[in-house]
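Source file: final35.pdb; contents: PDB, C-alpha atoms, pLDDT in the B column.
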ATOM      1  CA  ALA M 564     -45.927  30.286   3.496  1.00 47.00           C
ATOM      2  CA  SER M 565     -45.760  27.100   1.424  1.00 46.00           C
ATOM      3  CA  GLU M 566     -46.980  25.061   4.404  1.00 45.00           C
ATOM      4  CA  LEU M 567     -49.850  27.495   4.849  1.00 39.00           C
ATOM      5  CA  ARG M 568     -50.891  27.162   1.233  1.00 42.00           C
ATOM      6  CA  ARG M 569     -50.701  23.344   1.413  1.00 41.00           C
ATOM      7  CA  ARG M 570     -52.861  23.169   4.528  1.00 41.00           C
ATOM      8  CA  ALA M 571     -55.322  25.718   3.217  1.00 38.00           C
ATOM      9  CA  GLY M 572     -55.713  23.625   0.080  1.00 38.00           C
ATOM     10  CA  ALA M 573     -56.544  20.581   2.205  1.00 38.00           C
ATOM     11  CA  VAL M 574     -59.524  22.282   3.834  1.00 34.00           C
ATOM     12  CA  ALA M 575     -60.714  24.446   0.932  1.00 34.00           C
ATOM     13  CA  PRO M 576     -61.808  22.223  -1.970  1.00 34.00           C
ATOM     14  CA  SER M 577     -62.350  23.904  -5.307  1.00 33.00           C
ATOM     15  CA  ALA M 578     -65.812  25.293  -5.974  1.00 34.00           C
ATOM     16  CA  GLY M 579     -68.240  23.305  -8.074  1.00 33.00           C
ATOM     17  CA  ILE M 580     -71.922  22.589  -8.680  1.00 29.00           C
ATOM     18  CA  ALA M 581     -72.886  19.253  -7.237  1.00 33.00           C
ATOM     19  CA  GLY M 582     -75.382  17.027  -8.971  1.00 32.00           C
ATOM     20  CA  VAL M 583     -75.283  18.777 -12.349  1.00 30.00           C
ATOM     21  CA  SER M 584     -75.283  16.504 -15.387  1.00 30.00           C
ATOM     22  CA  ILE M 585     -74.080  18.156 -18.593  1.00 29.00           C
ATOM     23  CA  PRO M 586     -75.414  16.552 -21.800  1.00 33.00           C
ATOM     24  CA  LEU M 587     -73.098  15.880 -24.707  1.00 31.00           C
ATOM     25  CA  ALA M 588     -75.514  17.362 -27.236  1.00 35.00           C
ATOM     26  CA  VAL M 589     -78.570  19.586 -27.264  1.00 34.00           C
ATOM     27  CA  THR M 590     -81.295  18.747 -29.762  1.00 35.00           C
ATOM     28  CA  PRO M 591     -84.104  21.045 -30.954  1.00 36.00           C
ATOM     29  CA  ARG M 592     -86.868  19.886 -28.622  1.00 34.00           C
ATOM     30  CA  ALA M 593     -89.146  22.123 -26.580  1.00 35.00           C
ATOM     31  CA  SER M 594     -88.239  20.185 -23.439  1.00 34.00           C
ATOM     32  CA  ARG M 595     -84.653  21.458 -23.778  1.00 34.00           C
ATOM     33  CA  ALA M 596     -85.639  25.142 -24.109  1.00 35.00           C
ATOM     34  CA  GLY M 597     -84.376  26.272 -20.731  1.00 36.00           C
ATOM     35  CA  LEU M 598     -81.439  23.892 -20.359  1.00 35.00           C
ATOM     36  CA  GLY M 599     -78.580  25.580 -18.567  1.00 39.00           C
ATOM     37  CA  GLY M 600     -80.227  29.010 -18.718  1.00 40.00           C
ATOM     38  CA  SER M 601     -80.636  29.457 -14.975  1.00 41.00           C
ATOM     39  CA  ALA M 602     -76.955  28.731 -14.349  1.00 39.00           C
ATOM     40  CA  LEU M 603     -75.881  31.206 -17.012  1.00 37.00           C
ATOM     41  CA  ARG M 604     -78.259  33.889 -15.813  1.00 41.00           C
ATOM     42  CA  ALA M 605     -76.914  33.452 -12.283  1.00 40.00           C
ATOM     43  CA  ASN M 606     -73.523  34.644 -13.548  1.00 44.00           C
ATOM     44  CA  ILE M 607     -74.959  37.891 -14.966  1.00 45.00           C
ATOM     45  CA  ARG M 608     -75.525  40.601 -12.401  1.00 48.00           C
ATOM     46  CA  PRO M 609     -78.902  42.288 -13.048  1.00 48.00           C
ATOM     47  CA  GLU M 610     -77.396  45.750 -13.111  1.00 49.00           C
ATOM     48  CA  MET M 611     -75.106  44.656 -15.977  1.00 48.00           C
ATOM     49  CA  THR M 612     -77.856  43.293 -18.240  1.00 49.00           C
ATOM     50  CA  VAL M 613     -78.193  45.166 -21.539  1.00 57.00           C
ATOM     51  CA  ALA M 614     -81.980  45.321 -21.482  1.00 55.00           C
ATOM     52  CA  GLN M 615     -82.808  46.748 -24.920  1.00 88.00           C
ATOM     53  CA  VAL M 616     -80.140  45.390 -27.281  1.00 94.00           C
ATOM     54  CA  ARG M 617     -81.040  43.056 -30.155  1.00 95.00           C
ATOM     55  CA  VAL M 618     -78.766  41.305 -32.641  1.00 97.00           C
ATOM     56  CA  VAL M 619     -79.814  41.351 -36.308  1.00 97.00           C
ATOM     57  CA  LEU M 620     -78.283  38.750 -38.635  1.00 98.00           C
ATOM     58  CA  VAL M 621     -78.735  39.571 -42.322  1.00 97.00           C
ATOM     59  CA  ARG M 622     -78.881  36.526 -44.614  1.00 97.00           C
ATOM     60  CA  PRO M 623     -76.972  34.216 -42.250  1.00 97.00           C
ATOM     61  CA  GLU M 624     -75.675  31.171 -44.101  1.00 97.00           C
ATOM     62  CA  THR M 625     -74.524  28.746 -41.399  1.00 96.00           C
ATOM     63  CA  PRO M 626     -77.020  27.308 -38.867  1.00 97.00           C
ATOM     64  CA  SER M 627     -74.288  26.659 -36.292  1.00 97.00           C
ATOM     65  CA  ASN M 628     -73.425  30.363 -36.330  1.00 97.00           C
ATOM     66  CA  VAL M 629     -77.047  31.273 -35.627  1.00 97.00           C
ATOM     67  CA  GLY M 630     -77.023  28.913 -32.646  1.00 97.00           C
ATOM     68  CA  ALA M 631     -73.710  30.269 -31.396  1.00 97.00           C
ATOM     69  CA  VAL M 632     -75.084  33.818 -31.600  1.00 97.00           C
ATOM     70  CA  ALA M 633     -78.042  32.766 -29.432  1.00 97.00           C
ATOM     71  CA  ARG M 634     -75.659  31.499 -26.768  1.00 97.00           C
ATOM     72  CA  ILE M 635     -73.621  34.710 -27.008  1.00 97.00           C
ATOM     73  CA  ALA M 636     -76.803  36.746 -26.622  1.00 96.00           C
ATOM     74  CA  ARG M 637     -77.566  34.897 -23.398  1.00 94.00           C
ATOM     75  CA  ASN M 638     -73.971  35.383 -22.178  1.00 94.00           C
ATOM     76  CA  THR M 639     -74.080  39.147 -22.740  1.00 94.00           C
ATOM     77  CA  GLY M 640     -77.669  40.055 -21.852  1.00 91.00           C
ATOM     78  CA  VAL M 641     -78.890  40.683 -25.420  1.00 94.00           C
ATOM     79  CA  ILE M 642     -82.678  40.293 -25.342  1.00 93.00           C
ATOM     80  CA  ALA M 643     -83.478  38.945 -28.825  1.00 95.00           C
ATOM     81  CA  ILE M 644     -82.284  37.879 -32.256  1.00 97.00           C
ATOM     82  CA  ASP M 645     -83.719  39.026 -35.601  1.00 97.00           C
ATOM     83  CA  LEU M 646     -83.013  37.049 -38.779  1.00 98.00           C
ATOM     84  CA  VAL M 647     -83.339  38.722 -42.176  1.00 97.00           C
ATOM     85  CA  ALA M 648     -83.881  36.379 -45.150  1.00 97.00           C
ATOM     86  CA  PRO M 649     -81.919  33.522 -43.561  1.00 97.00           C
ATOM     87  CA  THR M 650     -81.050  30.266 -45.292  1.00 96.00           C
ATOM     88  CA  PRO M 651     -82.718  27.216 -43.630  1.00 95.00           C
ATOM     89  CA  TRP M 652     -81.415  27.404 -40.069  1.00 96.00           C
ATOM     90  CA  ARG M 653     -83.562  25.141 -37.884  1.00 95.00           C
ATOM     91  CA  THR M 654     -81.106  22.270 -37.725  1.00 96.00           C
ATOM     92  CA  VAL M 655     -79.604  20.071 -35.032  1.00 96.00           C
ATOM     93  CA  ASP M 656     -76.282  21.941 -35.371  1.00 95.00           C
ATOM     94  CA  CYS M 657     -78.059  25.220 -34.700  1.00 97.00           C
ATOM     95  CA  TRP M 658     -79.619  23.968 -31.460  1.00 96.00           C
ATOM     96  CA  ARG M 659     -76.457  22.191 -30.374  1.00 96.00           C
ATOM     97  CA  THR M 660     -74.377  25.383 -30.527  1.00 96.00           C
ATOM     98  CA  ALA M 661     -77.102  27.337 -28.697  1.00 96.00           C
ATOM     99  CA  TRP M 662     -76.566  25.435 -25.432  1.00 93.00           C
ATOM    100  CA  GLY M 663     -78.454  27.180 -22.648  1.00 93.00           C
ATOM    101  CA  ALA M 664     -80.156  29.644 -25.017  1.00 95.00           C
ATOM    102  CA  THR M 665     -82.534  27.627 -27.187  1.00 94.00           C
ATOM    103  CA  GLU M 666     -85.479  29.756 -26.068  1.00 95.00           C
ATOM    104  CA  LEU M 667     -83.895  32.676 -27.944  1.00 95.00           C
ATOM    105  CA  LEU M 668     -83.943  30.573 -31.102  1.00 94.00           C
ATOM    106  CA  GLU M 669     -87.620  29.736 -30.606  1.00 94.00           C
ATOM    107  CA  GLN M 670     -88.395  33.421 -30.078  1.00 95.00           C
ATOM    108  CA  ALA M 671     -86.260  34.705 -32.978  1.00 96.00           C
ATOM    109  CA  LEU M 672     -88.133  36.941 -35.415  1.00 96.00           C
ATOM    110  CA  VAL M 673     -87.672  36.274 -39.128  1.00 97.00           C
ATOM    111  CA  HIS M 674     -88.030  39.204 -41.555  1.00 97.00           C
ATOM    112  CA  ALA M 675     -88.107  39.344 -45.335  1.00 96.00           C
ATOM    113  CA  ARG M 676     -86.443  42.784 -45.459  1.00 94.00           C
ATOM    114  CA  LEU M 677     -83.820  44.531 -43.353  1.00 93.00           C
ATOM    115  CA  ALA M 678     -86.014  47.629 -43.097  1.00 92.00           C
ATOM    116  CA  ASP M 679     -88.705  45.555 -41.376  1.00 94.00           C
ATOM    117  CA  ALA M 680     -86.266  44.409 -38.685  1.00 94.00           C
ATOM    118  CA  LEU M 681     -85.268  48.014 -37.928  1.00 92.00           C
ATOM    119  CA  ALA M 682     -88.688  49.667 -38.119  1.00 91.00           C
ATOM    120  CA  SER M 683     -89.074  50.371 -34.377  1.00 89.00           C
ATOM    121  CA  VAL M 684     -85.415  50.696 -33.381  1.00 91.00           C
ATOM    122  CA  GLY M 685     -84.050  53.947 -31.990  1.00 90.00           C
ATOM    123  CA  TYR M 686     -80.311  53.273 -32.332  1.00 93.00           C
ATOM    124  CA  VAL M 687     -78.894  51.120 -35.131  1.00 94.00           C
ATOM    125  CA  VAL M 688     -75.258  50.286 -35.794  1.00 95.00           C
ATOM    126  CA  ALA M 689     -73.846  48.094 -38.537  1.00 95.00           C
ATOM    127  CA  VAL M 690     -70.723  46.094 -37.709  1.00 95.00           C
ATOM    128  CA  SER M 691     -68.489  46.028 -40.772  1.00 92.00           C
ATOM    129  CA  ARG M 692     -65.011  47.021 -41.921  1.00 86.00           C
ATOM    130  CA  ARG M 693     -66.695  48.932 -44.757  1.00 83.00           C
ATOM    131  CA  SER M 694     -68.861  52.023 -44.493  1.00 80.00           C
ATOM    132  CA  ALA M 695     -71.140  53.753 -46.979  1.00 73.00           C
ATOM    133  CA  ASP M 696     -69.646  57.154 -46.090  1.00 74.00           C
ATOM    134  CA  GLY M 697     -66.128  55.903 -45.415  1.00 74.00           C
ATOM    135  CA  VAL M 698     -66.411  56.584 -41.690  1.00 82.00           C
ATOM    136  CA  ALA M 699     -66.439  53.692 -39.215  1.00 88.00           C
ATOM    137  CA  ARG M 700     -65.703  53.911 -35.506  1.00 91.00           C
ATOM    138  CA  ASP M 701     -64.024  51.476 -33.155  1.00 95.00           C
ATOM    139  CA  VAL M 702     -66.583  49.101 -31.670  1.00 96.00           C
ATOM    140  CA  ARG M 703     -65.458  50.019 -28.144  1.00 95.00           C
ATOM    141  CA  THR M 704     -66.296  53.670 -28.749  1.00 95.00           C
ATOM    142  CA  VAL M 705     -69.726  52.722 -30.084  1.00 95.00           C
ATOM    143  CA  ALA M 706     -70.306  50.436 -27.096  1.00 95.00           C
ATOM    144  CA  GLU M 707     -69.652  53.316 -24.716  1.00 93.00           C
ATOM    145  CA  GLU M 708     -72.147  55.435 -26.650  1.00 93.00           C
ATOM    146  CA  ILE M 709     -74.785  52.699 -26.389  1.00 93.00           C
ATOM    147  CA  ALA M 710     -74.186  52.358 -22.653  1.00 92.00           C
ATOM    148  CA  ALA M 711     -74.853  56.087 -22.246  1.00 91.00           C
ATOM    149  CA  LEU M 712     -78.229  56.008 -24.048  1.00 91.00           C
ATOM    150  CA  PRO M 713     -81.306  56.844 -21.965  1.00 87.00           C
ATOM    151  CA  ASP M 714     -83.309  53.833 -20.858  1.00 81.00           C
ATOM    152  CA  PRO M 715     -85.160  52.267 -22.576  1.00 84.00           C
ATOM    153  CA  THR M 716     -83.717  52.965 -26.040  1.00 89.00           C
ATOM    154  CA  PRO M 717     -84.154  50.039 -28.477  1.00 93.00           C
ATOM    155  CA  VAL M 718     -80.761  49.163 -29.998  1.00 94.00           C
ATOM    156  CA  SER M 719     -79.931  46.852 -32.895  1.00 95.00           C
ATOM    157  CA  LEU M 720     -76.466  45.505 -33.717  1.00 97.00           C
ATOM    158  CA  VAL M 721     -76.527  44.467 -37.384  1.00 97.00           C
ATOM    159  CA  PHE M 722     -74.229  41.873 -38.968  1.00 97.00           C
ATOM    160  CA  GLY M 723     -74.020  40.733 -42.590  1.00 96.00           C
ATOM    161  CA  PRO M 724     -73.686  37.252 -44.093  1.00 96.00           C
ATOM    162  CA  GLU M 725     -70.550  35.200 -43.491  1.00 94.00           C
ATOM    163  CA  THR M 726     -69.149  35.232 -47.031  1.00 93.00           C
ATOM    164  CA  SER M 727     -69.777  38.824 -48.115  1.00 92.00           C
ATOM    165  CA  GLY M 728     -70.810  41.003 -45.186  1.00 92.00           C
ATOM    166  CA  LEU M 729     -73.305  43.837 -45.560  1.00 93.00           C
ATOM    167  CA  ALA M 730     -73.662  45.363 -49.033  1.00 90.00           C
ATOM    168  CA  LEU M 731     -72.965  49.066 -49.538  1.00 88.00           C
ATOM    169  CA  ASP M 732     -76.648  49.834 -50.188  1.00 87.00           C
ATOM    170  CA  GLU M 733     -77.477  48.143 -46.872  1.00 89.00           C
ATOM    171  CA  LEU M 734     -74.764  50.089 -45.062  1.00 88.00           C
ATOM    172  CA  ALA M 735     -76.323  53.265 -46.458  1.00 85.00           C
ATOM    173  CA  LEU M 736     -79.415  52.548 -44.321  1.00 83.00           C
ATOM    174  CA  PHE M 737     -77.427  53.127 -41.138  1.00 84.00           C
ATOM    175  CA  GLY M 738     -76.198  56.312 -39.583  1.00 79.00           C
ATOM    176  CA  ARG M 739     -73.433  54.444 -37.754  1.00 90.00           C
ATOM    177  CA  THR M 740     -70.869  51.795 -38.628  1.00 93.00           C
ATOM    178  CA  ALA M 741     -68.537  50.096 -36.171  1.00 95.00           C
ATOM    179  CA  PHE M 742     -65.464  48.016 -36.909  1.00 94.00           C
ATOM    180  CA  ILE M 743     -63.546  45.500 -34.806  1.00 95.00           C
ATOM    181  CA  PRO M 744     -59.788  46.111 -34.874  1.00 93.00           C
ATOM    182  CA  SER M 745     -57.897  43.015 -36.021  1.00 93.00           C
ATOM    183  CA  HIS M 746     -54.562  42.010 -37.473  1.00 94.00           C
ATOM    184  CA  PRO M 747     -54.161  43.089 -41.135  1.00 90.00           C
ATOM    185  CA  ALA M 748     -52.939  39.625 -42.102  1.00 92.00           C
ATOM    186  CA  GLN M 749     -56.405  38.232 -41.288  1.00 91.00           C
ATOM    187  CA  PRO M 750     -58.879  41.077 -40.699  1.00 89.00           C
ATOM    188  CA  SER M 751     -62.048  39.017 -41.242  1.00 89.00           C
ATOM    189  CA  LEU M 752     -63.741  37.446 -38.210  1.00 93.00           C
ATOM    190  CA  ASN M 753     -66.176  34.568 -38.066  1.00 94.00           C
ATOM    191  CA  LEU M 754     -69.754  35.882 -37.737  1.00 96.00           C
ATOM    192  CA  SER M 755     -70.341  34.516 -34.243  1.00 96.00           C
ATOM    193  CA  HIS M 756     -66.935  35.799 -33.114  1.00 96.00           C
ATOM    194  CA  ALA M 757     -67.774  39.294 -34.364  1.00 96.00           C
ATOM    195  CA  VAL M 758     -71.075  39.181 -32.482  1.00 97.00           C
ATOM    196  CA  MET M 759     -69.256  38.020 -29.346  1.00 97.00           C
ATOM    197  CA  VAL M 760     -66.756  40.887 -29.413  1.00 97.00           C
ATOM    198  CA  THR M 761     -69.416  43.525 -30.110  1.00 97.00           C
ATOM    199  CA  ALA M 762     -71.994  42.287 -27.590  1.00 96.00           C
ATOM    200  CA  TYR M 763     -69.313  41.846 -24.928  1.00 96.00           C
ATOM    201  CA  GLU M 764     -68.049  45.393 -25.413  1.00 96.00           C
ATOM    202  CA  VAL M 765     -71.600  46.732 -24.966  1.00 95.00           C
ATOM    203  CA  PHE M 766     -72.119  44.502 -21.933  1.00 94.00           C
ATOM    204  CA  ARG M 767     -68.857  45.589 -20.349  1.00 92.00           C
ATOM    205  CA  ALA M 768     -69.452  49.277 -21.065  1.00 92.00           C
ATOM    206  CA  SER M 769     -72.856  48.986 -19.367  1.00 88.00           C
ATOM    207  CA  ALA M 770     -71.378  47.691 -16.110  1.00 82.00           C
ATOM    208  CA  PRO M 771     -71.465  50.257 -13.290  1.00 78.00           C
ATOM    209  CA  PRO M 772     -68.079  51.356 -11.949  1.00 72.00           C
ATOM    210  CA  PRO M 773     -67.081  49.873  -8.591  1.00 71.00           C
ATOM    211  CA  ALA M 774     -68.200  51.960  -5.619  1.00 75.00           C
ATOM    212  CA  THR M 775     -64.720  51.814  -4.108  1.00 77.00           C
ATOM    213  CA  PRO M 776     -61.625  51.007  -6.176  1.00 75.00           C
ATOM    214  CA  PRO M 777     -59.672  48.015  -4.830  1.00 77.00           C
ATOM    215  CA  ARG M 778     -56.501  48.598  -2.846  1.00 81.00           C
ATOM    216  CA  TRP M 779     -53.455  46.571  -3.882  1.00 85.00           C
ATOM    217  CA  SER M 780     -51.428  45.400  -0.924  1.00 87.00           C
ATOM    218  CA  PRO M 781     -47.617  45.641  -1.197  1.00 91.00           C
ATOM    219  CA  HIS M 782     -45.595  42.435  -1.129  1.00 91.00           C
ATOM    220  CA  GLU M 783     -44.204  43.132   2.346  1.00 91.00           C
ATOM    221  CA  GLU M 784     -47.713  43.457   3.781  1.00 91.00           C
ATOM    222  CA  LYS M 785     -48.778  40.166   2.198  1.00 91.00           C
ATOM    223  CA  GLU M 786     -45.761  38.362   3.639  1.00 92.00           C
ATOM    224  CA  ARG M 787     -46.504  39.682   7.135  1.00 91.00           C
ATOM    225  CA  LEU M 788     -50.105  38.484   6.868  1.00 91.00           C
ATOM    226  CA  LEU M 789     -49.062  35.031   5.652  1.00 92.00           C
ATOM    227  CA  GLY M 790     -46.572  34.812   8.530  1.00 91.00           C
ATOM    228  CA  ARG M 791     -49.268  35.581  11.106  1.00 91.00           C
ATOM    229  CA  LEU M 792     -51.620  33.012   9.573  1.00 91.00           C
ATOM    230  CA  GLN M 793     -48.841  30.414   9.600  1.00 90.00           C
ATOM    231  CA  GLU M 794     -48.163  31.110  13.284  1.00 90.00           C
ATOM    232  CA  GLY M 795     -51.853  30.672  14.023  1.00 89.00           C
ATOM    233  CA  LEU M 796     -51.989  27.314  12.230  1.00 90.00           C
ATOM    234  CA  HIS M 797     -48.913  26.069  14.107  1.00 88.00           C
ATOM    235  CA  ALA M 798     -50.510  27.159  17.392  1.00 88.00           C
ATOM    236  CA  LEU M 799     -53.580  25.070  16.551  1.00 88.00           C
ATOM    237  CA  GLY M 800     -51.329  22.039  16.070  1.00 73.00           C
TER     238      GLY M 800
END
Once you've parsed the file, please lay out its structure as structure tokens.
Amino acid sequence: ASELRRRAGAVAPSAGIAGVSIPLAVTPRASRAGLGGSALRANIRPEMTVAQVRVVLVRPETPSNVGAVARIARNTGVIAIDLVAPTPWRTVDCWRTAWGATELLEQALVHARLADALASVGYVVAVSRRSADGVARDVRTVAEEIAALPDPTPVSLVFGPETSGLALDELALFGRTAFIPSHPAQPSLNLSHAVMVTAYEVFRASAPPPATPPRWSPHEEKERLLGRLQEGLHALG
């Protein structure tokens, strides 16, 4: 078996993308808008794309987080980003962390009020460990609910500022609050990390189940197969 694996490795080089040059930094220039996007989109199966989900950042304070959220949105099929009363965010750090998703930054909508960002949305959920009514559900449960919505239902995932989160009067605007389980010694997540977990859960919940579940071969069956392959290689010389 070890000989088989060695010889197979000699004729099966690891996969890669030839001729791709990866820049060390991405700067906010229109010519960079689509950089890397086609490669990322190629890794997202169309049937798994979350077509109607938007991410709303309320008073974001760190430009690099805004850029990181844009990249996360591209990774998970989120269609757009809304910014509510942001601090100045159009910086080099913002574009650098948005590698492959700078077009989402250019298309981001900026609102003066949270109510304006949610005016035409059918399903809104705030992501926070606090809740105006004291009831918050696990983000995975909420993700499954979003995946079951009829298409096309506009959905907004709302996140508060890095240092304080959403205020109680803002949480009162929502009918739903989701929390991300975390260790009690450090329950607070970075903004972009919280967006990543939430958007990924929605993306994963939206994936169709496999048509046929995989069959796991027992060890004995694998050994017999490897033995037959090894015999075939020896026969070929």
With distances taken over all atoms listed in the file, which of M:Pro715, M:Val690, M:Gly697, M:Ala735 is nearest to Ala678 (chain M)?
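Of M:Pro715, M:Val690, M:Gly697, M:Ala735, the one nearest Ala678 (chain M), counting all atoms listed in the file, is M:Ala735.
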Can you list what the PyMOL selection byres ((chain M and resi 759-765) around 7) grabs from this structure, as a compact mmCIF listing (two decimals) with C-alpha atoms, in the coordinates of the input?
# COMPACT_ATOMS: atom_id res chain seq x y z
CA ILE M 635 -73.62 34.71 -27.01
CA THR M 639 -74.08 39.15 -22.74
CA VAL M 702 -66.58 49.10 -31.67
CA ARG M 703 -65.46 50.02 -28.14
CA ALA M 706 -70.31 50.44 -27.10
CA GLU M 707 -69.65 53.32 -24.72
CA ILE M 709 -74.78 52.70 -26.39
CA ALA M 710 -74.19 52.36 -22.65
CA SER M 755 -70.34 34.52 -34.24
CA HIS M 756 -66.94 35.80 -33.11
CA ALA M 757 -67.77 39.29 -34.36
CA VAL M 758 -71.08 39.18 -32.48
CA PHE M 766 -72.12 44.50 -21.93
CA ARG M 767 -68.86 45.59 -20.35
CA ALA M 768 -69.45 49.28 -21.06
CA SER M 769 -72.86 48.99 -19.37
What is the CA of Asp656 (chain M)-CA of Arg676 (chain M) distance in Å, reported with one decimal?
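Value for the CA of Asp656 (chain M)-CA of Arg676 (chain M) distance: 25.3 Å.
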Between CA of Gly723 (chain M) and CA of Leu668 (chain M), what distance in Å does the model show, to one decimal?
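Separation between CA of Gly723 (chain M) and CA of Leu668 (chain M): 18.3 Å.
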Could you list, as an mmCIF file with C-alpha atoms, in the coordinates of the input, every residue matched by the PyMOL selection byres ((chain M and resi 729) around 12) in this structure?
data_model
loop_
_atom_site.group_PDB
_atom_site.id
_atom_site.type_symbol
_atom_site.label_atom_id
_atom_site.label_comp_id
_atom_site.auth_asym_id
_atom_site.auth_seq_id
_atom_site.Cartn_x
_atom_site.Cartn_y
_atom_site.Cartn_z
ATOM 1 C CA VAL M 619 -79.814 41.351 -36.308
ATOM 2 C CA LEU M 620 -78.283 38.750 -38.635
ATOM 3 C CA VAL M 621 -78.735 39.571 -42.322
ATOM 4 C CA ARG M 622 -78.881 36.526 -44.614
ATOM 5 C CA PRO M 623 -76.972 34.216 -42.250
ATOM 6 C CA VAL M 647 -83.339 38.722 -42.176
ATOM 7 C CA LEU M 677 -83.820 44.531 -43.353
ATOM 8 C CA VAL M 688 -75.258 50.286 -35.794
ATOM 9 C CA ALA M 689 -73.846 48.094 -38.537
ATOM 10 C CA VAL M 690 -70.723 46.094 -37.709
ATOM 11 C CA SER M 691 -68.489 46.028 -40.772
ATOM 12 C CA ARG M 692 -65.011 47.021 -41.921
ATOM 13 C CA ARG M 693 -66.695 48.932 -44.757
ATOM 14 C CA SER M 694 -68.861 52.023 -44.493
ATOM 15 C CA ALA M 695 -71.140 53.753 -46.979
ATOM 16 C CA VAL M 721 -76.527 44.467 -37.384
ATOM 17 C CA PHE M 722 -74.229 41.873 -38.968
ATOM 18 C CA GLY M 723 -74.020 40.733 -42.590
ATOM 19 C CA PRO M 724 -73.686 37.252 -44.093
ATOM 20 C CA GLU M 725 -70.550 35.200 -43.491
ATOM 21 C CA THR M 726 -69.149 35.232 -47.031
ATOM 22 C CA SER M 727 -69.777 38.824 -48.115
ATOM 23 C CA GLY M 728 -70.810 41.003 -45.186
ATOM 24 C CA ALA M 730 -73.662 45.363 -49.033
ATOM 25 C CA LEU M 731 -72.965 49.066 -49.538
ATOM 26 C CA ASP M 732 -76.648 49.834 -50.188
ATOM 27 C CA GLU M 733 -77.477 48.143 -46.872
ATOM 28 C CA LEU M 734 -74.764 50.089 -45.062
ATOM 29 C CA ALA M 735 -76.323 53.265 -46.458
ATOM 30 C CA LEU M 736 -79.415 52.548 -44.321
ATOM 31 C CA PHE M 737 -77.427 53.127 -41.138
ATOM 32 C CA THR M 740 -70.869 51.795 -38.628
ATOM 33 C CA LEU M 754 -69.754 35.882 -37.737
#
Sel. within 12 Å of pt (-73.4, 21.5, -40.8), counting all atoms listed in the file, output as an mmCIF file with C-alpha atoms, in the coordinates of the input:
data_model
loop_
_atom_site.group_PDB
_atom_site.id
_atom_site.type_symbol
_atom_site.label_atom_id
_atom_site.label_comp_id
_atom_site.auth_asym_id
_atom_site.auth_seq_id
_atom_site.Cartn_x
_atom_site.Cartn_y
_atom_site.Cartn_z
ATOM 1 C CA GLU M 624 -75.675 31.171 -44.101
ATOM 2 C CA THR M 625 -74.524 28.746 -41.399
ATOM 3 C CA PRO M 626 -77.020 27.308 -38.867
ATOM 4 C CA SER M 627 -74.288 26.659 -36.292
ATOM 5 C CA ASN M 628 -73.425 30.363 -36.330
ATOM 6 C CA VAL M 629 -77.047 31.273 -35.627
ATOM 7 C CA GLY M 630 -77.023 28.913 -32.646
ATOM 8 C CA PRO M 651 -82.718 27.216 -43.630
ATOM 9 C CA TRP M 652 -81.415 27.404 -40.069
ATOM 10 C CA ARG M 653 -83.562 25.141 -37.884
ATOM 11 C CA THR M 654 -81.106 22.270 -37.725
ATOM 12 C CA VAL M 655 -79.604 20.071 -35.032
ATOM 13 C CA ASP M 656 -76.282 21.941 -35.371
ATOM 14 C CA CYS M 657 -78.059 25.220 -34.700
ATOM 15 C CA TRP M 658 -79.619 23.968 -31.460
ATOM 16 C CA ARG M 659 -76.457 22.191 -30.374
ATOM 17 C CA THR M 660 -74.377 25.383 -30.527
#
Output the residue selection produced by the PyMOL selection byres ((chain M and resi 701) around 7) on the file above, formatted as a PDB file with C-alpha atoms, in the coordinates of the input.
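Saved result, out_29.pdb, follows:
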ATOM      1  CA  ALA M 699     -66.439  53.692 -39.215  1.00 88.00           C
ATOM      2  CA  ARG M 700     -65.703  53.911 -35.506  1.00 91.00           C
ATOM      3  CA  VAL M 702     -66.583  49.101 -31.670  1.00 96.00           C
ATOM      4  CA  ARG M 703     -65.458  50.019 -28.144  1.00 95.00           C
ATOM      5  CA  THR M 704     -66.296  53.670 -28.749  1.00 95.00           C
ATOM      6  CA  VAL M 705     -69.726  52.722 -30.084  1.00 95.00           C
ATOM      7  CA  ALA M 741     -68.537  50.096 -36.171  1.00 95.00           C
ATOM      8  CA  PHE M 742     -65.464  48.016 -36.909  1.00 94.00           C
ATOM      9  CA  ILE M 743     -63.546  45.500 -34.806  1.00 95.00           C
TER      10      ILE M 743
END
Would you compute the box with edges along x, y and z of the file around region 719-726 of chain M, including every atom the file lists for it and 8 Å extra on each side, and give its centre and edge lengths in Å to one decimal, as JSON?
{"center_x": -74.5, "center_y": 41.0, "center_z": -40.0, "size_x": 26.8, "size_y": 27.7, "size_z": 30.1}
Can you work out which one of M:Asn638, M:Ser683, M:Thr650, M:Thr716 has the shortest atom-to-atom distance to Ala664 (chain M), counting only C-alpha atoms?
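Between M:Asn638, M:Ser683, M:Thr650, M:Thr716, the residue approaching Ala664 (chain M) most closely is M:Asn638.
Each of M:Ala711, M:Leu720, M:Ala798, M:Ala748 was compared to Ile642 (chain M) using only C-alpha atoms, and M:Leu720 turns out to be the nearest.
CA of Gln793 (chain M) sits 25.2 Å away from CA of Pro777 (chain M).
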